[in-house]
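Below is one structure, written out as structure tokens; the observations come after it.
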Amino acid sequence: MTREYRHVPVMLDEVLAELDPRPGEVVCDCTLGGAGHSVELARRVAPDGLSLGIDQDEMALEAASRRLASEVPGADVRLLRGNFGDLDDLLVEAEVPGVDCFLFDLGVSSPQLDIPERGFSYHEDAPLDMRMNSGNSTLTAAEVVNTYNEADLTRILRVYGDERFAARIARRIVECRAKAPVETTLQLVEVIKGAIPAAARRTGGHPARRTFQALRIEVNHELDVLDRGLRAAVRWANSGGRICVISYHSLEDRIVKHVFSELSQGCTCPPDLPVCVCGHVPIVEVRTRKPLVASREEVAANPRSRSALMRVAVKLDVTG
Ligand SMILES: C[S@@+](CC[C@H](N)C(=O)[O-])C[C@H]1O[C@@H](n2cnc3c(N)ncnc32)[C@H](O)[C@@H]1O
């Protein structure tokens, strides 16, 4: 099925300024999506550089491949289907010795949200799926909703969704599924509405937004793979290589901040020890003490950029 794949790249100018891709370099877009960022990255490293694009979503890869071929025809582009949590394996497969620019633009793309049958949208009825790689993984949102116990559901909604009515929603899910499984997005929306007090339903956006976000993070193991992917990117970055991450959720941003800060630490031995025993050496320099955010103009033009938080690190020369 060929559908139009439209996603406006977020903080594109800032990405290009921070990554500063130069002719002949190797760039790796770990969240290719519709190639909104990759088209510009590929243009800047072409014709001698290499643009790698990774996505776990077949539909995104097809759309990006068409777009890159038509908009940057002379570029050397290699697209890889997979999860950036497996970045080590993907880069071995791509046979590159190292990478100069890494980009992670996390989460889902607009088309993934907009296509009802993917099950990400609380506006359209569809099976509760929410898998970004529907081909490979087996855990679906329906399975989470219908098999996790009440305590686990509460934890997921509270931690991944910041949902203050997590316990009430989890209780209601368990009550409803005892009568019949909750199988579609709109069935779940009704369950959530029934669990949230009427006054609260009228404020704070769509009542199902936080629950849907939490389920998506759980189904796709988004936080675990981010930690793994970032550490692998730091390992594969050439010295002077730049790593740029845009997250849309405070939990993701906390992971990025933690990984960058840990890898930028030098010796952590107590100052009274005569010699270093911890062996820690800084591997990256963090460029962004506080995350960069989208300009007011961009937020006005593209509301999705409102929650974007960008962090950047540069790989140090650790060859000794
Ligand atoms: C926000 S979109 C990227 C949009 C892209 N920067 C653009 O401007 O067109 C995120 C993309 O990353 C993919 N994605 C999310 N998590 C992933 C992961 N762990 N591994 C591989 N792809 C992932 C999604 O399938 C989606 O296509």
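Every chain in the structure tokens takes a letter, A first, then B, and so on in the order presented; its residues are numbered from 1, and the ligands are numbered from 1 following the presented order.
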Quick one: DSSP alpha helix (DSSP H) residues in range 221-276 of chain A, as an MDAnalysis selection string? chainID A and resid 222:236 250:263
Which residues sit within 6 Å of ligand 1, counting only C-alpha atoms and all ligand atoms, listed as a compact mmCIF listing (two decimals) with N, CA and C atoms, in the first residue's frame?
```
# COMPACT_ATOMS: atom_id res chain seq x y z
N HIS A 7 5.75 14.02 7.47
CA HIS A 7 6.16 14.31 8.85
C HIS A 7 7.09 15.51 8.78
N VAL A 8 6.76 16.57 9.49
CA VAL A 8 7.60 17.78 9.44
C VAL A 8 8.76 17.58 10.43
N PRO A 9 10.01 17.66 9.93
CA PRO A 9 11.14 17.43 10.85
C PRO A 9 11.20 18.51 11.94
N THR A 31 16.60 7.15 13.59
CA THR A 31 15.13 7.19 13.58
C THR A 31 14.71 7.87 12.28
N LEU A 32 14.90 7.16 11.19
CA LEU A 32 14.78 7.74 9.84
C LEU A 32 13.42 8.37 9.58
N GLY A 33 12.34 7.71 9.99
CA GLY A 33 10.98 8.22 9.76
C GLY A 33 10.77 8.54 8.29
N GLY A 34 10.28 9.75 7.99
CA GLY A 34 10.06 10.15 6.59
C GLY A 34 11.28 10.79 5.97
N ALA A 35 12.44 10.67 6.62
CA ALA A 35 13.72 11.22 6.12
C ALA A 35 13.76 12.74 6.12
N GLY A 36 12.90 13.37 6.91
CA GLY A 36 12.89 14.83 6.97
C GLY A 36 14.24 15.40 7.36
N HIS A 37 14.90 14.78 8.34
CA HIS A 37 16.25 15.22 8.69
C HIS A 37 17.28 14.63 7.74
N ILE A 54 18.22 4.23 9.80
CA ILE A 54 17.66 3.06 10.50
C ILE A 54 16.23 3.36 10.90
N ASP A 55 15.35 2.41 10.70
CA ASP A 55 14.00 2.51 11.26
C ASP A 55 13.48 1.10 11.43
N GLN A 56 12.63 0.92 12.44
CA GLN A 56 12.07 -0.42 12.63
C GLN A 56 10.75 -0.57 11.89
N ASP A 57 10.32 0.51 11.25
CA ASP A 57 9.02 0.52 10.61
C ASP A 57 9.18 0.43 9.09
N ALA A 60 7.92 3.40 7.03
CA ALA A 60 8.79 4.58 7.08
C ALA A 60 9.97 4.37 6.14
N GLY A 82 15.60 -2.10 11.45
CA GLY A 82 15.94 -2.66 12.75
C GLY A 82 15.70 -1.67 13.85
N ASN A 83 16.02 -2.12 15.05
CA ASN A 83 15.81 -1.31 16.24
C ASN A 83 17.15 -0.71 16.66
N PHE A 84 17.17 0.59 16.96
CA PHE A 84 18.46 1.18 17.32
C PHE A 84 18.99 0.64 18.65
N GLY A 85 18.16 -0.12 19.36
CA GLY A 85 18.66 -0.85 20.54
C GLY A 85 19.68 -1.90 20.11
N ASP A 105 15.79 10.97 16.77
CA ASP A 105 14.60 11.84 16.88
C ASP A 105 13.49 10.90 17.34
N LEU A 106 13.28 10.85 18.65
CA LEU A 106 12.57 9.70 19.25
C LEU A 106 11.06 9.72 19.03
N GLY A 107 10.46 8.59 19.34
CA GLY A 107 9.00 8.50 19.35
C GLY A 107 8.43 8.05 18.03
N VAL A 108 7.19 8.43 17.81
CA VAL A 108 6.50 8.03 16.60
C VAL A 108 6.42 9.21 15.64
N SER A 109 6.21 8.90 14.37
CA SER A 109 6.06 9.96 13.38
C SER A 109 4.58 10.27 13.20
N MET A 132 5.72 -0.57 16.79
CA MET A 132 6.37 0.19 15.72
C MET A 132 6.93 -0.76 14.67
N VAL A 225 15.65 0.51 25.12
CA VAL A 225 16.43 0.55 23.87
C VAL A 225 17.15 1.89 23.73
```
From A:Val234, A:Val77, A:Val219, A:Met59, residue lying nearest Pro111 in chain A [only C-alpha atoms]: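 Closest residue, counting only C-alpha atoms: A:Met59.
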Need to verify the contact set: Ser295 in chain A, 12 Å, only C-alpha atoms, exclusion of same-chain residues closer than 2 positions in sequence. Can you return it as a VMD selection string? chain A and resid 10 to 14 292 to 293 297 to 303 305 to 309
Would you write out those residues with N, CA and C atoms, as a CSV table (one decimal), in the first residue's frame?
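Saved to selection.csv:
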```csv
chain,number,residue,atom,x,y,z
A,10,VAL,N,11.5,18.1,13.1
A,10,VAL,CA,11.5,19.0,14.3
A,10,VAL,C,12.9,19.5,14.5
A,11,MET,N,13.1,20.8,14.8
A,11,MET,CA,14.3,21.5,15.1
A,11,MET,C,15.4,21.2,14.1
A,12,LEU,N,15.0,21.2,12.8
A,12,LEU,CA,15.9,20.9,11.7
A,12,LEU,C,17.1,21.8,11.7
A,13,ASP,N,16.9,23.1,11.8
A,13,ASP,CA,18.1,24.1,11.8
A,13,ASP,C,19.0,23.8,12.9
A,14,GLU,N,18.5,23.5,14.1
A,14,GLU,CA,19.3,23.2,15.3
A,14,GLU,C,20.1,21.9,15.1
A,292,LEU,N,18.2,22.0,24.5
A,292,LEU,CA,17.7,23.1,23.6
A,292,LEU,C,16.3,22.8,23.3
A,293,VAL,N,15.5,23.8,23.0
A,293,VAL,CA,14.1,23.7,22.7
A,293,VAL,C,13.8,24.4,21.4
A,297,GLU,N,8.6,30.4,16.9
A,297,GLU,CA,8.1,30.4,15.5
A,297,GLU,C,7.8,28.9,15.1
A,298,GLU,N,8.8,28.0,15.4
A,298,GLU,CA,8.6,26.6,15.1
A,298,GLU,C,7.4,26.0,15.8
A,299,VAL,N,7.3,26.3,17.1
A,299,VAL,CA,6.2,25.8,17.9
A,299,VAL,C,4.8,26.2,17.3
A,300,ALA,N,4.8,27.5,16.9
A,300,ALA,CA,3.6,28.0,16.3
A,300,ALA,C,3.2,27.3,15.0
A,301,ALA,N,4.3,27.0,14.2
A,301,ALA,CA,4.0,26.4,12.9
A,301,ALA,C,3.8,24.8,13.0
A,302,ASN,N,4.5,24.2,14.0
A,302,ASN,CA,4.4,22.8,14.2
A,302,ASN,C,4.3,22.4,15.7
A,303,PRO,N,3.0,22.2,16.1
A,303,PRO,CA,2.8,22.0,17.6
A,303,PRO,C,3.5,20.8,18.1
A,305,SER,N,6.5,20.2,17.9
A,305,SER,CA,7.8,20.6,18.4
A,305,SER,C,7.8,21.2,19.8
A,306,ARG,N,6.6,21.4,20.3
A,306,ARG,CA,6.4,22.1,21.6
A,306,ARG,C,7.2,21.3,22.7
A,307,SER,N,7.1,20.0,22.7
A,307,SER,CA,7.7,19.2,23.8
A,307,SER,C,9.1,18.7,23.5
A,308,ALA,N,9.7,19.2,22.4
A,308,ALA,CA,11.0,18.6,22.0
A,308,ALA,C,12.1,19.2,22.9
A,309,LEU,N,13.0,18.2,23.3
A,309,LEU,CA,14.1,18.6,24.1
A,309,LEU,C,15.4,18.0,23.5
```
So that I can see what lies close to range 242-246 of chain A, please list as an MDAnalysis selection string the residues with an atom at most 6 Å from it, counting only C-alpha atoms and leaving out residues fewer than 3 positions away in the same chain. chainID A and resid 19 101:105 309:314
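Summary of the local environment: counting only C-alpha atoms, residues at most 8 Å from range 116-122 of chain A, other than itself and those fewer than 4 positions away along its chain, are Gln112, Ala126, Pro127, Leu128, Asp129, Met130, Arg131, Thr184, Thr185, Leu186, Val189, Ala208, Arg209, Phe212 and Arg216 of chain A.
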Expected file contents, prior selection, N, CA and C atoms, as a PDB file, in the first residue's frame:
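And here's result.pdb as it stands now:
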```pdb
ATOM      1  N   GLN A 112       2.505   7.517  11.577  1.00  0.00           N
ATOM      2  CA  GLN A 112       2.228   6.365  12.448  1.00  0.00           C
ATOM      3  C   GLN A 112       1.030   6.675  13.345  1.00  0.00           C
ATOM      4  N   ALA A 126      -9.562   1.069  16.049  1.00  0.00           N
ATOM      5  CA  ALA A 126      -8.656   0.092  15.419  1.00  0.00           C
ATOM      6  C   ALA A 126      -8.256  -0.911  16.486  1.00  0.00           C
ATOM      7  N   PRO A 127      -7.721  -2.071  16.067  1.00  0.00           N
ATOM      8  CA  PRO A 127      -7.225  -3.017  17.078  1.00  0.00           C
ATOM      9  C   PRO A 127      -6.133  -2.356  17.916  1.00  0.00           C
ATOM     10  N   LEU A 128      -6.063  -2.697  19.197  1.00  0.00           N
ATOM     11  CA  LEU A 128      -5.053  -2.115  20.094  1.00  0.00           C
ATOM     12  C   LEU A 128      -3.701  -2.753  19.789  1.00  0.00           C
ATOM     13  N   ASP A 129      -2.932  -2.144  18.919  1.00  0.00           N
ATOM     14  CA  ASP A 129      -1.665  -2.734  18.496  1.00  0.00           C
ATOM     15  C   ASP A 129      -0.489  -1.949  19.071  1.00  0.00           C
ATOM     16  N   MET A 130      -0.152  -0.803  18.453  1.00  0.00           N
ATOM     17  CA  MET A 130       0.900   0.125  18.908  1.00  0.00           C
ATOM     18  C   MET A 130       2.318  -0.389  18.717  1.00  0.00           C
ATOM     19  N   ARG A 131       2.526  -1.461  17.942  1.00  0.00           N
ATOM     20  CA  ARG A 131       3.899  -1.894  17.689  1.00  0.00           C
ATOM     21  C   ARG A 131       4.487  -1.050  16.568  1.00  0.00           C
ATOM     22  N   THR A 184     -10.150  -2.869  21.214  1.00  0.00           N
ATOM     23  CA  THR A 184      -9.916  -1.783  20.250  1.00  0.00           C
ATOM     24  C   THR A 184      -9.592  -0.479  20.980  1.00  0.00           C
ATOM     25  N   THR A 185      -9.052   0.461  20.191  1.00  0.00           N
ATOM     26  CA  THR A 185      -8.637   1.752  20.740  1.00  0.00           C
ATOM     27  C   THR A 185      -9.832   2.488  21.362  1.00  0.00           C
ATOM     28  N   LEU A 186     -10.960   2.491  20.655  1.00  0.00           N
ATOM     29  CA  LEU A 186     -12.084   3.257  21.191  1.00  0.00           C
ATOM     30  C   LEU A 186     -12.740   2.577  22.383  1.00  0.00           C
ATOM     31  N   VAL A 189     -10.621   3.826  25.107  1.00  0.00           N
ATOM     32  CA  VAL A 189     -10.936   5.230  25.402  1.00  0.00           C
ATOM     33  C   VAL A 189     -12.166   5.297  26.307  1.00  0.00           C
ATOM     34  N   ALA A 208      -7.404  10.170  27.151  1.00  0.00           N
ATOM     35  CA  ALA A 208      -6.673   8.923  26.891  1.00  0.00           C
ATOM     36  C   ALA A 208      -5.208   9.165  26.506  1.00  0.00           C
ATOM     37  N   ARG A 209      -4.818  10.426  26.367  1.00  0.00           N
ATOM     38  CA  ARG A 209      -3.481  10.719  25.811  1.00  0.00           C
ATOM     39  C   ARG A 209      -2.364  10.061  26.639  1.00  0.00           C
ATOM     40  N   PHE A 212      -2.362   6.159  26.451  1.00  0.00           N
ATOM     41  CA  PHE A 212      -1.880   5.669  25.156  1.00  0.00           C
ATOM     42  C   PHE A 212      -0.356   5.824  25.053  1.00  0.00           C
ATOM     43  N   ARG A 216       2.321   2.707  24.599  1.00  0.00           N
ATOM     44  CA  ARG A 216       3.267   2.698  23.459  1.00  0.00           C
ATOM     45  C   ARG A 216       4.699   2.493  23.958  1.00  0.00           C
TER      46      ARG A 216
END
```
Would you kindly return, as a short mmCIF file (atom, residue, chain, number, x, y, z; two decimals) with C-alpha atoms, in the first residue's frame, each protein, DNA or RNA residue with an atom no farther than 9 Å from any atom of Ser261 in chain A, considering only C-alpha atoms and excluding same-chain residues fewer than 6 positions away?
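Once everything was written out, this is around_7.cif:
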```
data_model
loop_
_atom_site.label_atom_id
_atom_site.label_comp_id
_atom_site.auth_asym_id
_atom_site.auth_seq_id
_atom_site.Cartn_x
_atom_site.Cartn_y
_atom_site.Cartn_z
CA VAL A 284 32.21 12.51 25.59
CA GLU A 285 31.90 16.23 26.17
CA VAL A 286 28.33 17.35 26.75
#
```
